[in-house]
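Peer 1: PDB, C-alpha atoms, file coords23.pdb:
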MODEL        1
ATOM      1  CA  MET E 412      46.645 124.546 136.586  1.00  0.00           C
ATOM      2  CA  MET E 413      48.408 127.505 134.984  1.00  0.00           C
ATOM      3  CA  LYS E 414      51.568 126.642 136.894  1.00  0.00           C
ATOM      4  CA  TYR E 415      51.425 123.045 135.614  1.00  0.00           C
ATOM      5  CA  LEU E 416      50.850 124.245 132.057  1.00  0.00           C
ATOM      6  CA  ALA E 417      53.778 126.653 132.285  1.00  0.00           C
ATOM      7  CA  LEU E 418      56.096 123.898 133.529  1.00  0.00           C
ATOM      8  CA  THR E 419      54.949 121.576 130.742  1.00  0.00           C
ATOM      9  CA  ILE E 420      55.663 124.227 128.113  1.00  0.00           C
ATOM     10  CA  ALA E 421      59.059 124.970 129.667  1.00  0.00           C
ATOM     11  CA  PHE E 422      60.060 121.291 129.598  1.00  0.00           C
ATOM     12  CA  ALA E 423      58.827 120.969 126.010  1.00  0.00           C
ATOM     13  CA  LEU E 424      60.871 123.991 124.906  1.00  0.00           C
ATOM     14  CA  ALA E 425      63.969 122.690 126.672  1.00  0.00           C
ATOM     15  CA  ALA E 426      63.613 119.312 124.992  1.00  0.00           C
ATOM     16  CA  LEU E 427      63.095 120.947 121.597  1.00  0.00           C
ATOM     17  CA  LEU E 428      66.165 123.150 121.985  1.00  0.00           C
ATOM     18  CA  SER E 429      68.197 120.123 123.026  1.00  0.00           C
ATOM     19  CA  LEU E 430      67.111 118.211 119.953  1.00  0.00           C
ATOM     20  CA  CYS E 431      67.893 121.182 117.707  1.00  0.00           C
ATOM     21  CA  GLY E 432      71.355 121.418 119.192  1.00  0.00           C
ATOM     22  CA  CYS E 433      72.005 117.713 118.585  1.00  0.00           C
ATOM     23  CA  ALA E 434      70.679 117.901 115.061  1.00  0.00           C
ATOM     24  CA  GLU E 435      72.937 120.863 114.288  1.00  0.00           C
ATOM     25  CA  LYS E 436      75.976 119.034 115.582  1.00  0.00           C
ATOM     26  CA  THR E 437      75.123 115.953 113.567  1.00  0.00           C
ATOM     27  CA  VAL E 438      74.674 117.948 110.358  1.00  0.00           C
ATOM     28  CA  THR E 439      77.891 119.866 110.948  1.00  0.00           C
ATOM     29  CA  SER E 440      79.794 116.673 111.664  1.00  0.00           C
ATOM     30  CA  THR E 441      78.354 114.953 108.627  1.00  0.00           C
ATOM     31  CA  THR E 442      79.055 117.972 106.438  1.00  0.00           C
ATOM     32  CA  GLU E 443      82.636 118.266 107.642  1.00  0.00           C
ATOM     33  CA  LYS E 444      83.215 114.559 107.182  1.00  0.00           C
ATOM     34  CA  GLY E 445      81.623 114.652 103.770  1.00  0.00           C
ATOM     35  CA  ALA E 446      83.724 117.661 102.763  1.00  0.00           C
ATOM     36  CA  THR E 447      86.898 115.903 103.865  1.00  0.00           C
ATOM     37  CA  THR E 448      86.010 112.789 101.918  1.00  0.00           C
ATOM     38  CA  MET E 449      85.031 114.832  98.888  1.00  0.00           C
ATOM     39  CA  ASN E 450      88.280 116.772  98.961  1.00  0.00           C
ATOM     40  CA  ASN E 451      90.305 113.572  99.223  1.00  0.00           C
ATOM     41  CA  THR E 452      88.559 111.829  96.352  1.00  0.00           C
ATOM     42  CA  ALA E 453      88.509 114.959  94.204  1.00  0.00           C
ATOM     43  CA  LYS E 454      92.251 115.456  94.441  1.00  0.00           C
ATOM     44  CA  PRO E 455      94.084 113.580  91.680  1.00  0.00           C
ATOM     45  CA  LEU E 456      97.162 111.430  92.172  1.00  0.00           C
ATOM     46  CA  VAL E 457     100.172 111.251  89.861  1.00  0.00           C
ATOM     47  CA  VAL E 458     102.094 107.978  90.000  1.00  0.00           C
ATOM     48  CA  CYS E 459     105.117 107.308  87.842  1.00  0.00           C
ATOM     49  CA  PHE E 460     107.975 104.941  87.170  1.00  0.00           C
ATOM     50  CA  SER E 461     111.105 106.566  85.799  1.00  0.00           C
ATOM     51  CA  ALA E 462     114.255 104.560  85.166  1.00  0.00           C
ATOM     52  CA  THR E 463     116.441 107.507  84.164  1.00  0.00           C
ATOM     53  CA  GLY E 464     114.570 110.502  85.586  1.00  0.00           C
ATOM     54  CA  ASN E 465     113.019 111.773  82.345  1.00  0.00           C
ATOM     55  CA  THR E 466     109.478 110.617  83.074  1.00  0.00           C
ATOM     56  CA  LYS E 467     109.797 111.704  86.693  1.00  0.00           C
ATOM     57  CA  GLY E 468     110.476 115.272  85.607  1.00  0.00           C
ATOM     58  CA  VAL E 469     107.305 115.348  83.498  1.00  0.00           C
ATOM     59  CA  ALA E 470     105.274 113.668  86.247  1.00  0.00           C
ATOM     60  CA  GLN E 471     106.385 116.167  88.890  1.00  0.00           C
ATOM     61  CA  ARG E 472     105.622 119.054  86.538  1.00  0.00           C
ATOM     62  CA  LEU E 473     102.151 117.614  85.961  1.00  0.00           C
ATOM     63  CA  ALA E 474     101.497 117.121  89.676  1.00  0.00           C
ATOM     64  CA  GLU E 475     102.511 120.705  90.459  1.00  0.00           C
ATOM     65  CA  ALA E 476     100.446 122.088  87.576  1.00  0.00           C
ATOM     66  CA  ILE E 477      97.206 120.405  88.680  1.00  0.00           C
ATOM     67  CA  GLY E 478      97.743 120.386  92.449  1.00  0.00           C
ATOM     68  CA  ALA E 479      97.986 116.604  92.643  1.00  0.00           C
ATOM     69  CA  GLU E 480      99.918 114.402  95.026  1.00  0.00           C
ATOM     70  CA  PHE E 481     102.961 112.680  93.537  1.00  0.00           C
ATOM     71  CA  VAL E 482     104.320 109.194  94.151  1.00  0.00           C
ATOM     72  CA  GLU E 483     107.248 107.576  92.386  1.00  0.00           C
ATOM     73  CA  ILE E 484     107.203 103.822  91.802  1.00  0.00           C
ATOM     74  CA  VAL E 485     110.604 102.642  92.999  1.00  0.00           C
ATOM     75  CA  PRO E 486     111.647  99.104  92.027  1.00  0.00           C
ATOM     76  CA  ALA E 487     112.747  96.808  94.853  1.00  0.00           C
ATOM     77  CA  LYS E 488     115.823  96.100  92.733  1.00  0.00           C
ATOM     78  CA  PRO E 489     117.023  99.317  91.024  1.00  0.00           C
ATOM     79  CA  TYR E 490     117.782  99.192  87.307  1.00  0.00           C
ATOM     80  CA  THR E 491     121.413  99.598  86.317  1.00  0.00           C
ATOM     81  CA  THR E 492     122.643 100.987  83.013  1.00  0.00           C
ATOM     82  CA  ALA E 493     123.364  97.420  81.900  1.00  0.00           C
ATOM     83  CA  ASP E 494     119.825  96.384  82.878  1.00  0.00           C
ATOM     84  CA  LEU E 495     118.417  99.045  80.552  1.00  0.00           C
ATOM     85  CA  ASP E 496     120.469  98.057  77.484  1.00  0.00           C
ATOM     86  CA  TRP E 497     117.681  97.353  74.988  1.00  0.00           C
ATOM     87  CA  ARG E 498     120.213  96.165  72.412  1.00  0.00           C
ATOM     88  CA  ASN E 499     121.172  93.241  74.649  1.00  0.00           C
ATOM     89  CA  LYS E 500     118.468  90.572  74.528  1.00  0.00           C
ATOM     90  CA  LYS E 501     119.764  89.156  77.794  1.00  0.00           C
ATOM     91  CA  SER E 502     119.614  92.431  79.730  1.00  0.00           C
ATOM     92  CA  ARG E 503     117.152  92.575  82.606  1.00  0.00           C
ATOM     93  CA  SER E 504     114.736  94.924  80.870  1.00  0.00           C
ATOM     94  CA  SER E 505     114.816  92.885  77.653  1.00  0.00           C
ATOM     95  CA  VAL E 506     114.032  89.665  79.535  1.00  0.00           C
ATOM     96  CA  GLU E 507     111.237  91.305  81.547  1.00  0.00           C
ATOM     97  CA  MET E 508     109.593  92.857  78.522  1.00  0.00           C
ATOM     98  CA  ALA E 509     109.781  89.610  76.535  1.00  0.00           C
ATOM     99  CA  ASP E 510     107.750  87.903  79.278  1.00  0.00           C
ATOM    100  CA  ARG E 511     104.247  89.398  79.514  1.00  0.00           C
ATOM    101  CA  LYS E 512     103.794  87.732  82.905  1.00  0.00           C
ATOM    102  CA  SER E 513     106.845  89.457  84.401  1.00  0.00           C
ATOM    103  CA  ARG E 514     105.966  91.488  87.518  1.00  0.00           C
ATOM    104  CA  PRO E 515     109.043  93.254  88.992  1.00  0.00           C
ATOM    105  CA  ALA E 516     108.662  93.966  92.707  1.00  0.00           C
ATOM    106  CA  ILE E 517     107.949  97.497  93.941  1.00  0.00           C
ATOM    107  CA  ALA E 518     109.614  98.993  97.028  1.00  0.00           C
ATOM    108  CA  THR E 519     107.384 102.081  97.281  1.00  0.00           C
ATOM    109  CA  ALA E 520     104.681 102.211  99.935  1.00  0.00           C
ATOM    110  CA  MET E 521     101.609 103.480  98.108  1.00  0.00           C
ATOM    111  CA  PRO E 522      99.009 105.807  99.633  1.00  0.00           C
ATOM    112  CA  ASP E 523      95.435 104.560  99.961  1.00  0.00           C
ATOM    113  CA  LEU E 524      94.312 104.667  96.336  1.00  0.00           C
ATOM    114  CA  ALA E 525      90.701 104.618  97.505  1.00  0.00           C
ATOM    115  CA  ASP E 526      91.159 108.307  98.364  1.00  0.00           C
ATOM    116  CA  TYR E 527      91.506 109.335  94.707  1.00  0.00           C
ATOM    117  CA  ALA E 528      89.037 109.398  91.821  1.00  0.00           C
ATOM    118  CA  THR E 529      91.569 110.109  89.054  1.00  0.00           C
ATOM    119  CA  ILE E 530      95.033 108.571  88.917  1.00  0.00           C
ATOM    120  CA  PHE E 531      97.590 109.642  86.312  1.00  0.00           C
ATOM    121  CA  VAL E 532     100.099 106.861  85.624  1.00  0.00           C
ATOM    122  CA  GLY E 533     103.353 107.856  83.947  1.00  0.00           C
ATOM    123  CA  PHE E 534     106.117 105.717  82.479  1.00  0.00           C
ATOM    124  CA  PRO E 535     108.722 105.538  79.697  1.00  0.00           C
ATOM    125  CA  ILE E 536     107.790 103.511  76.634  1.00  0.00           C
ATOM    126  CA  TRP E 537     109.701 100.235  76.550  1.00  0.00           C
ATOM    127  CA  TRP E 538     109.297  97.921  73.583  1.00  0.00           C
ATOM    128  CA  TYR E 539     106.252  99.906  72.406  1.00  0.00           C
ATOM    129  CA  ARG E 540     104.339  99.584  75.678  1.00  0.00           C
ATOM    130  CA  GLU E 541     104.383 100.216  79.425  1.00  0.00           C
ATOM    131  CA  PRO E 542     107.262  98.705  81.485  1.00  0.00           C
ATOM    132  CA  SER E 543     106.445  95.483  83.338  1.00  0.00           C
ATOM    133  CA  ILE E 544     106.722  97.224  86.705  1.00  0.00           C
ATOM    134  CA  ILE E 545     103.696  99.347  85.730  1.00  0.00           C
ATOM    135  CA  ASP E 546     101.839  96.069  85.212  1.00  0.00           C
ATOM    136  CA  THR E 547     102.822  95.156  88.766  1.00  0.00           C
ATOM    137  CA  PHE E 548     101.358  98.385  90.113  1.00  0.00           C
ATOM    138  CA  VAL E 549      98.083  98.230  88.201  1.00  0.00           C
ATOM    139  CA  GLU E 550      97.433  94.516  88.596  1.00  0.00           C
ATOM    140  CA  SER E 551      98.248  94.427  92.323  1.00  0.00           C
ATOM    141  CA  ASN E 552      95.853  97.344  92.928  1.00  0.00           C
ATOM    142  CA  ALA E 553      93.142  96.272  90.475  1.00  0.00           C
ATOM    143  CA  GLU E 554      90.384  95.967  93.085  1.00  0.00           C
ATOM    144  CA  THR E 555      91.147  99.333  94.692  1.00  0.00           C
ATOM    145  CA  LEU E 556      91.233 100.950  91.261  1.00  0.00           C
ATOM    146  CA  ALA E 557      87.703  99.758  90.474  1.00  0.00           C
ATOM    147  CA  GLY E 558      85.469 102.675  89.481  1.00  0.00           C
ATOM    148  CA  LYS E 559      88.381 105.080  89.170  1.00  0.00           C
ATOM    149  CA  THR E 560      89.733 106.848  86.095  1.00  0.00           C
ATOM    150  CA  ILE E 561      93.276 105.908  85.115  1.00  0.00           C
ATOM    151  CA  VAL E 562      95.052 108.323  82.790  1.00  0.00           C
ATOM    152  CA  PRO E 563      98.280 106.956  81.286  1.00  0.00           C
ATOM    153  CA  PHE E 564     101.013 109.251  80.008  1.00  0.00           C
ATOM    154  CA  ALA E 565     104.471 108.475  78.774  1.00  0.00           C
ATOM    155  CA  THR E 566     107.810 109.732  77.520  1.00  0.00           C
ATOM    156  CA  SER E 567     109.840 108.168  74.741  1.00  0.00           C
ATOM    157  CA  GLY E 568     112.357 108.952  72.077  1.00  0.00           C
ATOM    158  CA  GLY E 569     109.677 108.764  69.412  1.00  0.00           C
ATOM    159  CA  SER E 570     107.448 105.737  70.004  1.00  0.00           C
ATOM    160  CA  GLY E 571     103.765 106.285  70.731  1.00  0.00           C
ATOM    161  CA  MET E 572     101.697 104.709  73.506  1.00  0.00           C
ATOM    162  CA  GLY E 573     101.422 101.441  71.596  1.00  0.00           C
ATOM    163  CA  ASP E 574      98.966  99.100  73.288  1.00  0.00           C
ATOM    164  CA  SER E 575      99.648 100.479  76.772  1.00  0.00           C
ATOM    165  CA  THR E 576      96.104 101.760  77.291  1.00  0.00           C
ATOM    166  CA  ALA E 577      94.544  98.423  76.336  1.00  0.00           C
ATOM    167  CA  ASN E 578      97.038  96.547  78.502  1.00  0.00           C
ATOM    168  CA  LEU E 579      96.244  98.610  81.595  1.00  0.00           C
ATOM    169  CA  GLN E 580      92.515  98.238  81.016  1.00  0.00           C
ATOM    170  CA  ALA E 581      92.928  94.460  80.891  1.00  0.00           C
ATOM    171  CA  LEU E 582      94.885  94.505  84.158  1.00  0.00           C
ATOM    172  CA  ALA E 583      92.270  96.674  85.916  1.00  0.00           C
ATOM    173  CA  PRO E 584      89.012  95.732  84.171  1.00  0.00           C
ATOM    174  CA  LYS E 585      86.785  97.517  86.697  1.00  0.00           C
ATOM    175  CA  ALA E 586      88.578 100.836  86.240  1.00  0.00           C
ATOM    176  CA  LYS E 587      88.130 103.286  83.382  1.00  0.00           C
ATOM    177  CA  VAL E 588      91.425 103.586  81.512  1.00  0.00           C
ATOM    178  CA  VAL E 589      91.343 106.487  79.069  1.00  0.00           C
ATOM    179  CA  GLU E 590      93.484 106.843  75.965  1.00  0.00           C
ATOM    180  CA  GLY E 591      96.968 107.871  77.025  1.00  0.00           C
ATOM    181  CA  ARG E 592      99.317 110.437  75.577  1.00  0.00           C
ATOM    182  CA  ARG E 593     103.053 110.646  74.962  1.00  0.00           C
ATOM    183  CA  PHE E 594     104.936 113.818  75.860  1.00  0.00           C
ATOM    184  CA  SER E 595     108.420 115.057  75.166  1.00  0.00           C
ATOM    185  CA  THR E 596     110.581 115.437  78.251  1.00  0.00           C
ATOM    186  CA  SER E 597     110.606 119.214  77.721  1.00  0.00           C
ATOM    187  CA  VAL E 598     106.804 119.603  77.778  1.00  0.00           C
ATOM    188  CA  ASP E 599     105.787 122.725  79.708  1.00  0.00           C
ATOM    189  CA  ALA E 600     103.445 122.919  82.691  1.00  0.00           C
ATOM    190  CA  ASP E 601     100.719 124.824  80.809  1.00  0.00           C
ATOM    191  CA  THR E 602     100.444 122.115  78.174  1.00  0.00           C
ATOM    192  CA  LEU E 603     100.203 119.442  80.860  1.00  0.00           C
ATOM    193  CA  LYS E 604      97.596 121.412  82.791  1.00  0.00           C
ATOM    194  CA  LYS E 605      95.373 121.933  79.732  1.00  0.00           C
ATOM    195  CA  TRP E 606      95.607 118.261  78.844  1.00  0.00           C
ATOM    196  CA  ALA E 607      94.856 117.092  82.394  1.00  0.00           C
ATOM    197  CA  ALA E 608      91.876 119.438  82.738  1.00  0.00           C
ATOM    198  CA  GLU E 609      89.843 117.068  80.573  1.00  0.00           C
ATOM    199  CA  PHE E 610      90.074 114.419  83.287  1.00  0.00           C
ATOM    200  CA  THR E 611      89.991 116.544  86.438  1.00  0.00           C
ATOM    201  CA  LYS E 612      86.824 118.626  85.919  1.00  0.00           C
TER     202      LYS E 612
ENDMDL
END
What is this structure when it is put down as structure tokens?
Peer 2:
Amino acid sequence: MMKYLALTIAFALAALLSLCGCAEKTVTSTTEKGATTMNNTAKPLVVCFSATGNTKGVAQRLAEAIGAEFVEIVPAKPYTTADLDWRNKKSRSSVEMADRKSRPAIATAMPDLADYATIFVGFPIWWYREPSIIDTFVESNAETLAGKTIVPFATSGGSGMGDSTANLQALAPKAKVVEGRRFSTSVDADTLKKWAAEFTK
């Protein structure tokens, strides 16, 4: 009888230890997976379109300052100097900006936007708003951007953000588009970091 009882206890202990071991592995696996997911979504992304390189410089400075990943929106058809002549109403940029439905094609392969909670979107101000290629990016990713915070920022010779923020919100209605800000091309990293901290806490 004692021998039977001892064997029963031994088997029970072995089973209990086995279950504990499995539970520990499951928790560890879940924790590690959760941590990975959390790190991915917590890390911001900086996306920008820059026709002449000015906005790109600010965007890269911002990405470095806040430890974000950086992606440049490259048009499928690059803009030439003639394309960017705002004084010519027949130039490519003038025609695109006159047509609110214009959606220039993008050549850049984008990362999975689902991995980011906050996405900074940079661009030069054209005709008092965001360039049409930014509309392409936001509209084509509207569903993936749902529930995310979009933070616009821009460079210009003097114009403000215009109606860029409202435009982007209309193109991605399920996202939260915050009020954007214009920066000079010489803005320093500390200024960018302090500004971005409001959206990356």
Peer 1: I'd like to see the residues matched by the PyMOL selection byres ((chain E and resi 473) around 10) on this file, and ideally I'd get them as a ChimeraX atom specification.
Peer 2: /E:457,467-472,474-481,531,598-604,606-607
Peer 1: Where does the PyMOL selection byres ((chain E and resi 518) around 10) land in this file, that is, which residues does it pick, as a list in words?
Peer 2: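 With the PyMOL selection byres ((chain E and resi 518) around 10) on this model, the match is Ile484, Val485, Pro486, Ala487, Lys488, Pro489, Pro515, Ala516, Ile517, Thr519, Ala520 and Met521 of chain E.
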Peer 1: From the options E:Asp546, E:Ala493, E:Val562, E:Leu524, which residue's atoms come nearest to Thr611 in chain E, counting all atoms listed in the file?
Peer 2: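 When distances to Thr611 in chain E are compared using all atoms listed in the file, the smallest one comes from E:Val562.
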Peer 1: Which residue, E:Asp523, E:Asp574, E:Glu554, E:Asp494, has the smallest gap to Glu507 in chain E when you use all atoms listed in the file?
Peer 2: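 Among E:Asp523, E:Asp574, E:Glu554, E:Asp494, it is E:Asp494 that comes nearest to Glu507 in chain E.
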Peer 1: From the set E:Ser567, E:Thr576, E:Thr555, E:Thr529, which residue has the shortest atom-to-atom contact distance to Lys454 in chain E, counting all atoms listed in the file?
Peer 2: E:Thr529
Peer 1: Skipping near chain neighbours, those fewer than 4 positions away, what residues fall within 9 Å of Ile530 in chain E using all atoms listed in the file, listed as a list in words?
Peer 2: Pro455, Leu456, Val457, Val458, Leu524, Leu556, Lys559, Thr560, Ile561, Val562 and Pro563 of chain E
Peer 1: Show me, as JSON, numbers by chain, the residues that have an atom within 12 Å of Asp510 in chain E when counting only C-alpha atoms, minus same-chain residues fewer than 6 positions from it.
Peer 2: {"E": [503, 504, 538, 542, 543, 544, 546]}
Peer 1: The selected residues should be written to file as a PDB file, in the frame of the given file (atoms: C-alpha atoms).
Peer 2:
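Written out: again-v8.pdb:
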ATOM      1  CA  ARG E 503     117.152  92.575  82.606  1.00  0.00           C
ATOM      2  CA  SER E 504     114.736  94.924  80.870  1.00  0.00           C
ATOM      3  CA  TRP E 538     109.297  97.921  73.583  1.00  0.00           C
ATOM      4  CA  PRO E 542     107.262  98.705  81.485  1.00  0.00           C
ATOM      5  CA  SER E 543     106.445  95.483  83.338  1.00  0.00           C
ATOM      6  CA  ILE E 544     106.722  97.224  86.705  1.00  0.00           C
ATOM      7  CA  ASP E 546     101.839  96.069  85.212  1.00  0.00           C
TER       8      ASP E 546
END
Peer 1: For each of E:Lys585, E:Ala525, E:Val532, E:Ser575, take the minimum atom-to-atom distance to Ala553 in chain E, counting all atoms listed in the file, then give the residue where this is smallest.
Peer 2: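 Smallest distance to Ala553 in chain E is found for E:Lys585.
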Peer 1: Which one of E:Ser570, E:Tyr490, E:Gly533, E:Ala583 sits closest to Ser551 in chain E if you count all atoms listed in the file?
Peer 2: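 So, comparing all the options, the nearest one is E:Ala583.
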Peer 1: Ranking E:Ser461, E:Thr596, E:Thr466, E:Thr547 by minimum distance to Leu495 in chain E and counting only C-alpha atoms, which one comes first?
Peer 2: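 Answer, going by the shortest atom-to-atom distance: E:Ser461.
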Peer 1: Would you work out the distance separating CA of Thr463 in chain E from CA of Ala565 in chain E, expressed in Å to one decimal?
Peer 2: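 Taking CA of Thr463 in chain E as the start and CA of Ala565 in chain E as the end point, the length is 13.2 Å.
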Peer 1: Let me know the residues the PyMOL selection byres ((chain E and resi 591) around 6) catches in the file above, as a PyMOL selection string.
Peer 2: chain E and resi 563-564+590+592
Peer 1: Suppose you want the space between CA of Gly558 in chain E and CA of Ala586 in chain E; what is it in Å?
Peer 2: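 Calculated distance between CA of Gly558 in chain E and CA of Ala586 in chain E is 4.9 Å.
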Peer 1: So how many Å separate CA of Pro535 in chain E and CA of Thr566 in chain E, to one decimal?
Peer 2: 4.8 Å
Peer 1: Regenerate range 484-498 of chain E at the level of N, CA and C atoms and dump it as a PDB file, in the frame of the given file.
Peer 2:
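What follows is the written file selection_19.pdb:
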ATOM      1  N   ILE E 484     107.100 105.279  91.658  1.00  0.00           N
ATOM      2  CA  ILE E 484     107.203 103.822  91.802  1.00  0.00           C
ATOM      3  C   ILE E 484     108.689 103.463  91.764  1.00  0.00           C
ATOM      4  N   VAL E 485     109.187 102.997  92.892  1.00  0.00           N
ATOM      5  CA  VAL E 485     110.604 102.642  92.999  1.00  0.00           C
ATOM      6  C   VAL E 485     110.728 101.120  92.986  1.00  0.00           C
ATOM      7  N   PRO E 486     111.500 100.560  92.068  1.00  0.00           N
ATOM      8  CA  PRO E 486     111.647  99.104  92.027  1.00  0.00           C
ATOM      9  C   PRO E 486     112.415  98.580  93.233  1.00  0.00           C
ATOM     10  N   ALA E 487     112.050  97.413  93.716  1.00  0.00           N
ATOM     11  CA  ALA E 487     112.747  96.808  94.853  1.00  0.00           C
ATOM     12  C   ALA E 487     114.216  96.579  94.491  1.00  0.00           C
ATOM     13  N   LYS E 488     114.459  96.261  93.238  1.00  0.00           N
ATOM     14  CA  LYS E 488     115.823  96.100  92.733  1.00  0.00           C
ATOM     15  C   LYS E 488     116.033  97.174  91.671  1.00  0.00           C
ATOM     16  N   PRO E 489     116.814  98.217  91.975  1.00  0.00           N
ATOM     17  CA  PRO E 489     117.023  99.317  91.024  1.00  0.00           C
ATOM     18  C   PRO E 489     117.608  98.828  89.698  1.00  0.00           C
ATOM     19  N   TYR E 490     117.264  99.538  88.632  1.00  0.00           N
ATOM     20  CA  TYR E 490     117.782  99.192  87.307  1.00  0.00           C
ATOM     21  C   TYR E 490     119.136  99.855  87.088  1.00  0.00           C
ATOM     22  N   THR E 491     120.089  99.071  86.645  1.00  0.00           N
ATOM     23  CA  THR E 491     121.413  99.598  86.317  1.00  0.00           C
ATOM     24  C   THR E 491     121.427  99.977  84.830  1.00  0.00           C
ATOM     25  N   THR E 492     122.490 100.629  84.427  1.00  0.00           N
ATOM     26  CA  THR E 492     122.643 100.987  83.013  1.00  0.00           C
ATOM     27  C   THR E 492     122.638  99.729  82.149  1.00  0.00           C
ATOM     28  N   ALA E 493     123.313  98.688  82.638  1.00  0.00           N
ATOM     29  CA  ALA E 493     123.364  97.420  81.900  1.00  0.00           C
ATOM     30  C   ALA E 493     121.971  96.796  81.809  1.00  0.00           C
ATOM     31  N   ASP E 494     121.190  96.932  82.874  1.00  0.00           N
ATOM     32  CA  ASP E 494     119.825  96.384  82.878  1.00  0.00           C
ATOM     33  C   ASP E 494     118.958  97.017  81.793  1.00  0.00           C
ATOM     34  N   LEU E 495     119.252  98.284  81.487  1.00  0.00           N
ATOM     35  CA  LEU E 495     118.417  99.045  80.552  1.00  0.00           C
ATOM     36  C   LEU E 495     118.900  98.979  79.102  1.00  0.00           C
ATOM     37  N   ASP E 496     119.909  98.161  78.835  1.00  0.00           N
ATOM     38  CA  ASP E 496     120.469  98.057  77.484  1.00  0.00           C
ATOM     39  C   ASP E 496     119.502  97.275  76.582  1.00  0.00           C
ATOM     40  N   TRP E 497     118.692  97.997  75.830  1.00  0.00           N
ATOM     41  CA  TRP E 497     117.681  97.353  74.988  1.00  0.00           C
ATOM     42  C   TRP E 497     118.284  96.581  73.814  1.00  0.00           C
ATOM     43  N   ARG E 498     119.565  96.867  73.509  1.00  0.00           N
ATOM     44  CA  ARG E 498     120.213  96.165  72.412  1.00  0.00           C
ATOM     45  C   ARG E 498     120.676  94.770  72.816  1.00  0.00           C
TER      46      ARG E 498
END
